[in-house]
>>> print(open('model.txt').read())   # compact mmCIF, N, CA and C atoms
# COMPACT_ATOMS: atom_id res chain seq x y z
N MET A 1 -31.33 -5.80 11.65
CA MET A 1 -31.11 -6.53 10.42
C MET A 1 -32.47 -6.78 9.77
N ALA A 2 -32.54 -6.56 8.49
CA ALA A 2 -33.79 -6.78 7.78
C ALA A 2 -34.09 -8.27 7.67
N TRP A 3 -35.37 -8.60 7.66
CA TRP A 3 -35.79 -10.00 7.62
C TRP A 3 -35.30 -10.70 6.36
N ASP A 4 -35.34 -10.01 5.21
CA ASP A 4 -34.88 -10.61 3.95
C ASP A 4 -33.39 -10.97 4.01
N GLU A 5 -32.61 -10.06 4.61
CA GLU A 5 -31.18 -10.33 4.74
C GLU A 5 -30.93 -11.53 5.64
N TRP A 6 -31.69 -11.65 6.71
CA TRP A 6 -31.58 -12.79 7.61
C TRP A 6 -31.88 -14.09 6.88
N GLU A 7 -32.93 -14.09 6.10
CA GLU A 7 -33.30 -15.29 5.33
C GLU A 7 -32.22 -15.65 4.32
N GLN A 8 -31.62 -14.63 3.69
CA GLN A 8 -30.55 -14.86 2.73
C GLN A 8 -29.34 -15.49 3.42
N LEU A 9 -28.96 -14.97 4.58
CA LEU A 9 -27.83 -15.52 5.32
C LEU A 9 -28.09 -16.96 5.75
N LYS A 10 -29.31 -17.24 6.17
CA LYS A 10 -29.65 -18.62 6.56
C LYS A 10 -29.55 -19.55 5.36
N ALA A 11 -30.01 -19.10 4.21
CA ALA A 11 -29.95 -19.93 3.00
C ALA A 11 -28.50 -20.19 2.59
N GLU A 12 -27.65 -19.17 2.66
CA GLU A 12 -26.24 -19.34 2.32
C GLU A 12 -25.56 -20.30 3.29
N ALA A 13 -25.90 -20.19 4.56
CA ALA A 13 -25.32 -21.11 5.55
C ALA A 13 -25.77 -22.53 5.29
N ALA A 14 -27.02 -22.70 4.92
CA ALA A 14 -27.54 -24.04 4.64
C ALA A 14 -26.87 -24.65 3.42
N GLN A 15 -26.45 -23.81 2.47
CA GLN A 15 -25.77 -24.29 1.27
C GLN A 15 -24.29 -24.56 1.52
N GLY A 16 -23.84 -24.28 2.73
CA GLY A 16 -22.45 -24.57 3.08
C GLY A 16 -21.50 -23.44 2.76
N ARG A 17 -22.00 -22.31 2.31
CA ARG A 17 -21.13 -21.18 2.04
C ARG A 17 -20.89 -20.41 3.34
N SER A 18 -19.66 -20.02 3.55
CA SER A 18 -19.32 -19.29 4.77
C SER A 18 -19.92 -17.89 4.74
N THR A 19 -20.50 -17.49 5.86
CA THR A 19 -21.08 -16.15 5.96
C THR A 19 -20.32 -15.29 6.97
N HIS A 20 -19.19 -15.80 7.47
CA HIS A 20 -18.44 -15.01 8.45
C HIS A 20 -17.08 -14.61 7.88
N MET A 21 -16.48 -13.64 8.51
CA MET A 21 -15.21 -13.10 8.07
C MET A 21 -14.09 -14.08 8.44
N ARG A 22 -13.11 -14.21 7.56
CA ARG A 22 -11.94 -15.03 7.84
C ARG A 22 -10.73 -14.13 7.98
N LEU A 23 -10.12 -14.17 9.14
CA LEU A 23 -8.97 -13.32 9.38
C LEU A 23 -7.65 -14.07 9.28
N ASN A 24 -7.70 -15.37 9.24
CA ASN A 24 -6.46 -16.13 9.28
C ASN A 24 -5.88 -16.45 7.92
N GLN A 25 -6.55 -16.09 6.84
CA GLN A 25 -6.00 -16.38 5.52
C GLN A 25 -6.63 -15.49 4.47
N LEU A 26 -5.95 -15.43 3.32
CA LEU A 26 -6.48 -14.72 2.17
C LEU A 26 -6.96 -15.75 1.17
N PRO A 27 -7.99 -15.44 0.43
CA PRO A 27 -8.39 -16.35 -0.65
C PRO A 27 -7.22 -16.51 -1.63
N ALA A 28 -7.09 -17.67 -2.23
CA ALA A 28 -5.94 -17.99 -3.07
C ALA A 28 -5.78 -17.03 -4.24
N ASP A 29 -6.85 -16.49 -4.77
CA ASP A 29 -6.74 -15.66 -5.96
C ASP A 29 -6.72 -14.16 -5.66
N SER A 30 -6.69 -13.76 -4.40
CA SER A 30 -6.80 -12.33 -4.10
C SER A 30 -5.45 -11.63 -4.01
N GLY A 31 -4.38 -12.33 -4.17
CA GLY A 31 -3.07 -11.69 -4.13
C GLY A 31 -2.57 -11.55 -2.71
N GLY A 32 -1.95 -10.45 -2.42
CA GLY A 32 -1.41 -10.24 -1.09
C GLY A 32 0.09 -10.19 -1.10
N GLY A 33 0.70 -10.78 -2.13
CA GLY A 33 2.13 -10.66 -2.31
C GLY A 33 2.99 -11.56 -1.47
N SER A 34 2.44 -12.26 -0.49
CA SER A 34 3.28 -13.08 0.38
C SER A 34 2.48 -14.28 0.87
N SER A 35 3.13 -15.40 0.94
CA SER A 35 2.46 -16.59 1.48
C SER A 35 2.41 -16.55 3.00
N ARG A 36 3.17 -15.65 3.62
CA ARG A 36 3.21 -15.55 5.08
C ARG A 36 2.11 -14.66 5.64
N GLY A 37 1.40 -13.95 4.83
CA GLY A 37 0.39 -13.03 5.32
C GLY A 37 0.91 -11.61 5.32
N ASP A 38 0.10 -10.70 5.77
CA ASP A 38 0.44 -9.28 5.71
C ASP A 38 0.94 -8.71 7.02
N LEU A 39 0.74 -9.40 8.13
CA LEU A 39 1.09 -8.85 9.43
C LEU A 39 2.52 -9.20 9.79
N THR A 40 3.33 -8.18 9.97
CA THR A 40 4.72 -8.36 10.37
C THR A 40 5.02 -7.39 11.50
N VAL A 41 5.63 -7.90 12.54
CA VAL A 41 6.00 -7.06 13.68
C VAL A 41 7.48 -7.24 13.93
N ARG A 42 8.15 -6.13 14.09
CA ARG A 42 9.58 -6.17 14.38
C ARG A 42 9.81 -5.69 15.81
N GLN A 43 10.93 -6.07 16.38
CA GLN A 43 11.26 -5.69 17.75
C GLN A 43 11.26 -4.18 17.90
N LYS A 44 11.73 -3.47 16.88
CA LYS A 44 11.77 -2.01 16.91
C LYS A 44 10.35 -1.45 17.08
N ASP A 45 9.38 -2.06 16.38
CA ASP A 45 7.98 -1.61 16.49
C ASP A 45 7.44 -1.86 17.90
N LEU A 46 7.71 -3.04 18.43
CA LEU A 46 7.24 -3.37 19.77
C LEU A 46 7.88 -2.46 20.82
N ALA A 47 9.16 -2.17 20.64
CA ALA A 47 9.85 -1.28 21.58
C ALA A 47 9.23 0.12 21.54
N ALA A 48 8.87 0.59 20.35
CA ALA A 48 8.25 1.91 20.24
C ALA A 48 6.89 1.94 20.93
N ILE A 49 6.12 0.87 20.80
CA ILE A 49 4.81 0.79 21.46
C ILE A 49 5.00 0.77 22.97
N GLY A 50 5.93 -0.04 23.44
CA GLY A 50 6.20 -0.11 24.88
C GLY A 50 6.67 1.22 25.44
N SER A 51 7.52 1.91 24.69
CA SER A 51 8.00 3.22 25.14
C SER A 51 6.87 4.24 25.19
N ALA A 52 6.02 4.21 24.17
CA ALA A 52 4.89 5.15 24.14
C ALA A 52 3.94 4.88 25.30
N ALA A 53 3.70 3.61 25.61
CA ALA A 53 2.83 3.26 26.73
C ALA A 53 3.44 3.73 28.05
N HIS A 54 4.74 3.56 28.20
CA HIS A 54 5.41 3.99 29.43
C HIS A 54 5.38 5.52 29.55
N GLU A 55 5.62 6.21 28.44
CA GLU A 55 5.59 7.67 28.45
C GLU A 55 4.19 8.19 28.77
N LEU A 56 3.17 7.57 28.17
CA LEU A 56 1.78 7.96 28.46
C LEU A 56 1.48 7.74 29.93
N PHE A 57 1.94 6.62 30.47
CA PHE A 57 1.74 6.32 31.89
C PHE A 57 2.29 7.45 32.76
N GLU A 58 3.55 7.81 32.52
CA GLU A 58 4.19 8.83 33.35
C GLU A 58 3.53 10.20 33.19
N ASP A 59 3.31 10.62 31.94
CA ASP A 59 2.74 11.95 31.71
C ASP A 59 1.29 12.03 32.17
N PHE A 60 0.50 11.04 31.86
CA PHE A 60 -0.92 11.10 32.21
C PHE A 60 -1.10 11.07 33.72
N ASP A 61 -0.28 10.30 34.40
CA ASP A 61 -0.37 10.24 35.86
C ASP A 61 -0.16 11.64 36.46
N ARG A 62 0.84 12.33 35.95
CA ARG A 62 1.17 13.66 36.47
C ARG A 62 0.09 14.68 36.09
N TYR A 63 -0.28 14.75 34.82
CA TYR A 63 -1.22 15.77 34.36
C TYR A 63 -2.66 15.51 34.80
N SER A 64 -3.03 14.25 34.93
CA SER A 64 -4.41 13.96 35.34
C SER A 64 -4.66 14.40 36.78
N ASP A 65 -3.63 14.36 37.58
CA ASP A 65 -3.80 14.80 38.97
C ASP A 65 -4.05 16.30 39.03
N HIS A 66 -3.40 17.06 38.14
CA HIS A 66 -3.67 18.50 38.08
C HIS A 66 -5.14 18.74 37.73
N ALA A 67 -5.66 18.01 36.76
CA ALA A 67 -7.05 18.17 36.34
C ALA A 67 -8.00 17.81 37.48
N ARG A 68 -7.68 16.74 38.19
CA ARG A 68 -8.54 16.32 39.30
C ARG A 68 -8.57 17.37 40.41
N LEU A 69 -7.40 17.86 40.77
CA LEU A 69 -7.33 18.86 41.84
C LEU A 69 -8.04 20.16 41.45
N SER A 70 -7.86 20.59 40.20
CA SER A 70 -8.55 21.80 39.72
C SER A 70 -10.05 21.61 39.72
N SER A 71 -10.51 20.43 39.29
CA SER A 71 -11.95 20.15 39.27
C SER A 71 -12.52 20.13 40.67
N MET A 72 -11.80 19.54 41.61
CA MET A 72 -12.29 19.48 42.99
C MET A 72 -12.34 20.88 43.62
N LYS A 73 -11.35 21.70 43.29
CA LYS A 73 -11.34 23.07 43.81
C LYS A 73 -12.52 23.86 43.24
N ALA A 74 -12.74 23.70 41.92
CA ALA A 74 -13.88 24.39 41.29
C ALA A 74 -15.20 23.88 41.85
N ALA A 75 -15.29 22.57 42.06
CA ALA A 75 -16.52 22.00 42.62
C ALA A 75 -16.79 22.56 44.01
N GLY A 76 -15.76 22.66 44.83
CA GLY A 76 -15.92 23.22 46.18
C GLY A 76 -16.40 24.66 46.13
N GLY A 77 -15.82 25.44 45.22
CA GLY A 77 -16.23 26.83 45.08
C GLY A 77 -17.68 26.95 44.63
N LEU A 78 -18.08 26.14 43.67
CA LEU A 78 -19.47 26.18 43.17
C LEU A 78 -20.45 25.74 44.26
N LYS A 79 -20.07 24.68 44.99
CA LYS A 79 -20.97 24.20 46.07
C LYS A 79 -21.13 25.25 47.15
N SER A 80 -20.04 25.92 47.51
CA SER A 80 -20.12 26.93 48.57
C SER A 80 -20.98 28.13 48.16
N GLU A 81 -21.11 28.34 46.87
CA GLU A 81 -21.96 29.42 46.36
C GLU A 81 -23.39 28.96 46.12
N GLY A 82 -23.67 27.69 46.39
CA GLY A 82 -25.03 27.17 46.27
C GLY A 82 -25.40 26.66 44.89
N PHE A 83 -24.44 26.45 44.02
CA PHE A 83 -24.73 25.93 42.68
C PHE A 83 -24.79 24.40 42.70
N ALA A 84 -25.82 23.84 42.10
CA ALA A 84 -25.96 22.38 42.02
C ALA A 84 -24.86 21.78 41.14
N LEU A 85 -24.36 22.57 40.24
CA LEU A 85 -23.29 22.11 39.36
C LEU A 85 -22.05 21.70 40.16
N GLY A 86 -21.87 22.30 41.32
CA GLY A 86 -20.71 21.97 42.16
C GLY A 86 -20.72 20.52 42.59
N ALA A 87 -21.88 20.00 43.01
CA ALA A 87 -21.98 18.60 43.42
C ALA A 87 -21.74 17.67 42.23
N ALA A 88 -22.26 18.07 41.06
CA ALA A 88 -22.05 17.25 39.86
C ALA A 88 -20.57 17.21 39.49
N LEU A 89 -19.91 18.35 39.55
CA LEU A 89 -18.49 18.40 39.22
C LEU A 89 -17.67 17.61 40.23
N ASP A 90 -18.05 17.65 41.49
CA ASP A 90 -17.38 16.86 42.52
C ASP A 90 -17.54 15.37 42.24
N HIS A 91 -18.72 14.97 41.81
CA HIS A 91 -18.98 13.57 41.46
C HIS A 91 -18.08 13.14 40.30
N VAL A 92 -17.96 14.00 39.30
CA VAL A 92 -17.09 13.69 38.14
C VAL A 92 -15.64 13.57 38.60
N ALA A 93 -15.19 14.47 39.45
CA ALA A 93 -13.80 14.44 39.92
C ALA A 93 -13.50 13.16 40.71
N GLU A 94 -14.47 12.70 41.49
CA GLU A 94 -14.28 11.45 42.24
C GLU A 94 -14.16 10.26 41.30
N HIS A 95 -15.00 10.23 40.28
CA HIS A 95 -14.95 9.11 39.33
C HIS A 95 -13.76 9.22 38.37
N TRP A 96 -13.25 10.41 38.23
CA TRP A 96 -12.07 10.64 37.40
C TRP A 96 -10.91 9.77 37.89
N VAL A 97 -10.77 9.66 39.20
CA VAL A 97 -9.67 8.88 39.77
C VAL A 97 -9.75 7.42 39.30
N ASP A 98 -10.93 6.84 39.30
CA ASP A 98 -11.09 5.44 38.86
C ASP A 98 -10.75 5.29 37.38
N GLN A 99 -11.21 6.24 36.58
CA GLN A 99 -10.94 6.18 35.15
C GLN A 99 -9.45 6.34 34.85
N VAL A 100 -8.81 7.25 35.56
CA VAL A 100 -7.37 7.45 35.39
C VAL A 100 -6.63 6.17 35.75
N GLN A 101 -7.01 5.54 36.85
CA GLN A 101 -6.32 4.33 37.29
C GLN A 101 -6.49 3.21 36.26
N THR A 102 -7.66 3.13 35.64
CA THR A 102 -7.89 2.12 34.61
C THR A 102 -6.95 2.33 33.43
N LEU A 103 -6.82 3.59 32.98
CA LEU A 103 -5.92 3.88 31.87
C LEU A 103 -4.46 3.63 32.27
N LEU A 104 -4.08 4.03 33.46
CA LEU A 104 -2.70 3.81 33.91
C LEU A 104 -2.39 2.32 34.01
N ASP A 105 -3.34 1.54 34.51
CA ASP A 105 -3.14 0.09 34.59
C ASP A 105 -2.95 -0.51 33.20
N ALA A 106 -3.75 -0.04 32.23
CA ALA A 106 -3.62 -0.55 30.87
C ALA A 106 -2.27 -0.20 30.28
N CYS A 107 -1.82 1.03 30.46
CA CYS A 107 -0.50 1.44 29.95
C CYS A 107 0.62 0.62 30.60
N ALA A 108 0.54 0.43 31.90
CA ALA A 108 1.55 -0.35 32.60
C ALA A 108 1.55 -1.79 32.12
N HIS A 109 0.36 -2.33 31.90
CA HIS A 109 0.25 -3.71 31.43
C HIS A 109 0.91 -3.86 30.06
N ILE A 110 0.63 -2.92 29.16
CA ILE A 110 1.23 -2.98 27.81
C ILE A 110 2.75 -2.89 27.91
N SER A 111 3.23 -1.90 28.63
CA SER A 111 4.68 -1.70 28.75
C SER A 111 5.35 -2.90 29.39
N ASN A 112 4.80 -3.38 30.49
CA ASN A 112 5.40 -4.53 31.19
C ASN A 112 5.33 -5.79 30.35
N HIS A 113 4.23 -6.00 29.65
CA HIS A 113 4.11 -7.21 28.84
C HIS A 113 5.12 -7.21 27.71
N LEU A 114 5.30 -6.07 27.06
CA LEU A 114 6.27 -6.01 25.97
C LEU A 114 7.69 -6.18 26.50
N ARG A 115 7.98 -5.62 27.67
CA ARG A 115 9.31 -5.81 28.26
C ARG A 115 9.52 -7.29 28.61
N TYR A 116 8.51 -7.92 29.21
CA TYR A 116 8.60 -9.33 29.55
C TYR A 116 8.79 -10.17 28.29
N THR A 117 8.01 -9.86 27.25
CA THR A 117 8.10 -10.61 26.00
C THR A 117 9.49 -10.52 25.40
N LYS A 118 10.07 -9.32 25.42
CA LYS A 118 11.42 -9.13 24.89
C LYS A 118 12.42 -9.98 25.68
N ASN A 119 12.34 -9.92 27.01
CA ASN A 119 13.27 -10.70 27.85
C ASN A 119 13.06 -12.19 27.67
N GLN A 120 11.80 -12.62 27.57
CA GLN A 120 11.53 -14.05 27.39
C GLN A 120 12.04 -14.53 26.04
N HIS A 121 11.89 -13.69 25.02
CA HIS A 121 12.38 -14.05 23.69
C HIS A 121 13.90 -14.22 23.72
N ALA A 122 14.59 -13.32 24.41
CA ALA A 122 16.04 -13.43 24.52
C ALA A 122 16.43 -14.71 25.25
N ALA A 123 15.70 -15.04 26.31
CA ALA A 123 15.98 -16.28 27.05
C ALA A 123 15.72 -17.50 26.17
N ASP A 124 14.65 -17.48 25.40
CA ASP A 124 14.36 -18.59 24.49
C ASP A 124 15.46 -18.74 23.45
N GLU A 125 15.92 -17.62 22.90
CA GLU A 125 17.00 -17.66 21.91
C GLU A 125 18.25 -18.28 22.51
N SER A 126 18.58 -17.91 23.74
CA SER A 126 19.75 -18.45 24.41
C SER A 126 19.60 -19.96 24.63
N TYR A 127 18.41 -20.37 25.06
CA TYR A 127 18.16 -21.80 25.29
C TYR A 127 18.28 -22.58 23.98
N ILE A 128 17.71 -22.06 22.91
CA ILE A 128 17.75 -22.75 21.61
C ILE A 128 19.20 -22.83 21.13
N ALA A 129 19.95 -21.74 21.26
CA ALA A 129 21.35 -21.76 20.84
C ALA A 129 22.14 -22.80 21.63
N GLY A 130 21.89 -22.89 22.93
CA GLY A 130 22.58 -23.90 23.74
C GLY A 130 22.19 -25.31 23.35
N THR A 131 20.93 -25.51 23.06
CA THR A 131 20.47 -26.84 22.65
C THR A 131 21.08 -27.23 21.32
N LEU A 132 21.09 -26.31 20.36
CA LEU A 132 21.68 -26.61 19.06
C LEU A 132 23.18 -26.85 19.17
N SER A 133 23.84 -26.11 20.06
CA SER A 133 25.26 -26.32 20.29
C SER A 133 25.51 -27.72 20.82
N SER A 134 24.66 -28.18 21.72
CA SER A 134 24.79 -29.54 22.27
C SER A 134 24.60 -30.58 21.19
N ILE A 135 23.68 -30.35 20.29
CA ILE A 135 23.43 -31.30 19.20
C ILE A 135 24.65 -31.37 18.29
N SER A 136 25.26 -30.22 18.00
CA SER A 136 26.45 -30.25 17.13
C SER A 136 27.60 -30.98 17.81
N GLN A 137 27.72 -30.88 19.14
CA GLN A 137 28.75 -31.62 19.85
C GLN A 137 28.49 -33.12 19.77
N LEU A 138 27.21 -33.51 19.88
CA LEU A 138 26.88 -34.93 19.73
C LEU A 138 27.22 -35.41 18.33
N ASP A 139 26.91 -34.60 17.31
CA ASP A 139 27.23 -34.97 15.94
C ASP A 139 28.73 -35.18 15.77
N GLN A 140 29.53 -34.29 16.38
CA GLN A 140 30.98 -34.43 16.30
C GLN A 140 31.43 -35.76 16.92
N GLY A 141 30.81 -36.11 18.04
CA GLY A 141 31.15 -37.37 18.69
C GLY A 141 30.84 -38.57 17.80
N PHE A 142 29.71 -38.54 17.12
CA PHE A 142 29.36 -39.62 16.21
C PHE A 142 30.32 -39.67 15.03
N ASP A 143 30.68 -38.47 14.53
CA ASP A 143 31.61 -38.43 13.40
C ASP A 143 32.98 -38.99 13.80
N GLU A 144 33.45 -38.68 15.01
CA GLU A 144 34.73 -39.19 15.50
C GLU A 144 34.67 -40.71 15.61
N ARG A 145 33.57 -41.24 16.07
CA ARG A 145 33.44 -42.70 16.24
C ARG A 145 33.44 -43.40 14.89
N LYS A 146 32.80 -42.77 13.88
CA LYS A 146 32.76 -43.37 12.55
C LYS A 146 34.17 -43.48 11.98
N ASP A 147 35.00 -42.48 12.24
CA ASP A 147 36.35 -42.45 11.68
C ASP A 147 37.25 -43.48 12.35
N SER A 148 36.93 -43.96 13.54
CA SER A 148 37.80 -44.90 14.26
C SER A 148 37.78 -46.27 13.67
>>> encode(input="model.txt", output="C-alpha cells")
Amino acid sequence: MAWDEWEQLKAEAAQGRSTHMRLNQLPADSGGGSSRGDLTVRQKDLAAIGSAAHELFEDFDRYSDHARLSSMKAAGGLKSEGFALGAALDHVAEHWVDQVQTLLDACAHISNHLRYTKNQHAADESYIAGTLSSISQLDQGFDERKDS
C-alpha cells in the first residue's frame, strides 16, 4: 500500500467516515429493489448443492484412487530405472492421499450439514405448528368461558 493512500485512509477514519466494506446492508439511495436484501436461498437450491457435494464425494473417491495407483506404478517404474523423478512422483502420490481426504471430508461435511439443516428445519416447523395449535386451543377455551 502506498504511503499517501495510508495517510488518506487514516484521515478518513479520523473524520468518522467508514473505510471498510459493509456487507449487511445497502446504502438507502443505491436501490436494490427489496428491503430484504439480495440474498435468497430456497430449499431446492440447497438440495442441489448437497446433491452435487455428495456426487463429487462418490466420483472423486473412485477416480482419485485410479490416479494415485497409476502415479505410484509410474513412480516405481521410474525409480527402478534410476530416474530421480520416480522418487518425486512417489512423494506426490503419497501426499495425494492427504489432499484427496481433505476434499472428501469437505464434500461430506457440506452434504451432511445440508441434510441435517433440512431435517432440523422440518422438526422446527413441526414444533412451531404444534405450539401454535396449542395456543389456538387455549384461545378457544377462553372464548368458551367468555360466552358462559
>>> select_by_dssp(input="model.txt", residues="range 3-131 of chain A", states="alpha helix (DSSP H)", output="number ranges by chain")
A: 3-14, 43-80, 84-131
>>> atom_distance(input="model.txt", atom1="atom N of Glu125 in chain A", atom2="atom C of Ala47 in chain A")
19.0 Å
>>> atom_distance(input="model.txt", atom1="atom N of Glu94 in chain A", atom2="atom N of Glu55 in chain A")
24.8 Å
>>> atom_distance(input="model.txt", atom1="atom C of Ala84 in chain A", atom2="atom C of Arg62 in chain A")
26.4 Å
>>> closest_residue(input="model.txt", among="A:Ala87, A:Ile110, A:Ala129, A:Ala122", to="Ser51 in chain A", atoms="all atoms listed in the file")
A:Ile110
>>> closest_residue(input="model.txt", among="A:Gln137, A:Thr131, A:Thr117, A:Ser71", to="Ala93 in chain A", atoms="all atoms listed in the file")
A:Ser71
>>> residues_around(input="model.txt", residues="Met72 in chain A", least_positions_apart="6", cutoff="8 Å", atoms="all atoms listed in the file", output="list in words")
His66, Leu78, Leu89, Asp90, His91, Val92, Ala93 and Glu94 of chain A
